[in-house]
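Colleague: This is the structure I want to talk about, given as structure tokens.
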Amino acid sequence: MQPPPFSCGHVAFVGAPNAGKSTLLNRLLDHKLSIVTPKPQTTRKKITGIYHDSRSQIIILDTPGIMEPQQSLHESMLEITRRSLRESDVIVALIPFRKGDEPFDRQFASELIDEWVRPAGKPFVIALNKADLVTEESVREVQAEIMSAYKPVATLALSALTGGNIPELVELLRPLLPLDEPLWPDDILSTEPERFFVGEIIREKIFLQYGREIPYSTEVVIDEFKEQHENDPTRKELIRCSVIVERNSQKQIIVGQKGSAIKKLGQAARKEIEELLDRPVYLEIFVKIRPDWRKKKNLLKSYGY
């Protein structure tokens with residue numbers, strides 16, 4: 001008896017900020033790879049996650065949300081999304097349902113498909129996320145409208161939050177993938193290095209701990225990542241990082257009264273970093289002021305944008 005055919009390829013997730021791309025990636029991998037917060041524009045860089053099963057390997061490119069750029073940082077984020085679309089074999093366009101009279105944002109959906117997805121020239125699937133927010137009747141009506149208006153390969157209503165219809169998404173993508181052998185070993189969840197995820201964890205804690213403009217005005221740079229000596233497993237790993245801000249007033253907020261806020265930030269980040277690395281770490285966080293870093297292309301390049 002012939003074994004079922006194997007499929008492998010790159011799939012880009014694209015959509016608006018807060019469409020649920022990162023939540024969907026984490027749900028597919030059954031692992032928290034991409035940071036998720038209630039605030040929009042949490043994802044700034046492409047995150048590669050690798051889904052494995054006995055019949056497929058899906059290399060997922062989780063991209064920054066598409067929005068109107070306000071500064072050089074946003075332009076760099078949008079270029080990351082464009083590059084991911086070029087690298088992909090298949091595109092999953094996420095369009096979230098919403099409560100109210102309009103079940104989804106029709107204007108943005110048209111811009112997403114006409115200006116971003118179709119020009120890439122790749123087969124695409126439209127995933128209607130947050131299906132748990134609307135009725136089954138609404139789901140059927142919107143699916144019919146989406147198929148008629150945009151002619152995707154398929155459309156699927158799902159919930160990244162609850163896990164509804166996630167296996168069905170894999171079944172839709174599998175026949176669209178071009179390769180018949182895996183590109184990566186099946187014990188690898190991502191191609192990004194550990195230090196990348198350490199920086200992302202710290203950035204997530206900033207998004208969760210601080211309000212207003214602070215999360216958007218900060219960047220995290222890993223200055224030193226010194227692994228523990230293999231002959232002494234009791235030694236802690238040393239991680240030194242810089243939180244970049246634009247103004248002294250922001251630095252004061254990050255640090256807090258007598259250092260209370262930065263201490264809380266360090267404790268929350270260290271706990272999750274140790275879970276990620278499965279070893280103890282010594283985490284040092286410094287705050288540095290780089291005026292208008294989000295507008296300076298040379299600084300953005302040095303931060304990996």
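FYI, nothing fancy with the structure tokens labels: chains A, B, ... in order, residues from 1 per chain, ligands from 1 as they appear.
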What are the nearest atom pairs, with distances in Å to one decimal, for all residues of range 147-210 of chain A that come at most 9 Å from range 32-38 of chain A, using only C-alpha atoms, set out by chain and rising residue number as a tab-separated table?
Modeller:
residue	atom	partner	partner_atom	distance
A:Leu189	CA	A:Leu33	CA	8.2
A:Ser190	CA	A:Leu33	CA	8.1
A:Phe197	CA	A:Leu33	CA	7.9
A:Glu200	CA	A:Ile35	CA	6.7
A:Ile201	CA	A:Ile35	CA	6.9
A:Arg203	CA	A:Ile35	CA	8.5
A:Glu204	CA	A:Ile35	CA	6.1
A:Phe207	CA	A:Thr37	CA	6.9
A:Leu208	CA	A:Thr37	CA	6.7
Colleague: Would you give me, as a Markdown table, each residue of range 148-215 of chain A having an atom within 12 Å of an atom of range 104-112 of chain A, along with its shortest atom pair and that distance in Å to one decimal, using only C-alpha atoms and sorting by chain and residue number?
Modeller:
| residue | atom | partner | partner_atom | distance |
| --- | --- | --- | --- | --- |
| A:Ala149 | CA | A:Ser110 | CA | 8.9 |
| A:Tyr150 | CA | A:Ser110 | CA | 8.2 |
| A:Lys151 | CA | A:Ser110 | CA | 12.0 |
Colleague: Using only C-alpha atoms, which residues sit within 10 Å of Val243 in chain A once same-chain residues fewer than 3 positions away are excluded, as a PyMOL selection string?
Modeller: chain A and resi 199+202-203+206+217-222+251+254+285-289
Colleague: I'd like to know which residues of range 123-288 of chain A are helix (DSSP H, G or I) (by DSSP, run on the backbone); could you write them as a PyMOL selection string?
Modeller: chain A and resi 131-133+136-150+166-176+194-209+214-217+248-255+257-277
Colleague: Go through A:Ile214, A:Ile113, A:Ile66, A:Ile60 one by one, measure the shortest atom-to-atom distance of each to Val255 in chain A using only C-alpha atoms, and give the residue with the smallest value.
Modeller: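 Selected residue with least distance to Val255 in chain A: A:Ile214.
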Colleague: Nearest to Leu276 in chain A among A:Leu25, A:Glu181, A:Val198, A:Arg98, with distances taken over only C-alpha atoms: which residue is it?
Modeller: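 With only C-alpha atoms as the atom set, the closest residue is A:Val198.
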Colleague: Looking at only C-alpha atoms, which of A:His31, A:Arg195, A:Lys130, A:Lys258 is the one that sits closest to Lys226 in chain A?
Modeller: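 Comparing A:His31, A:Arg195, A:Lys130, A:Lys258 against Lys226 in chain A, the winner is A:Arg195.
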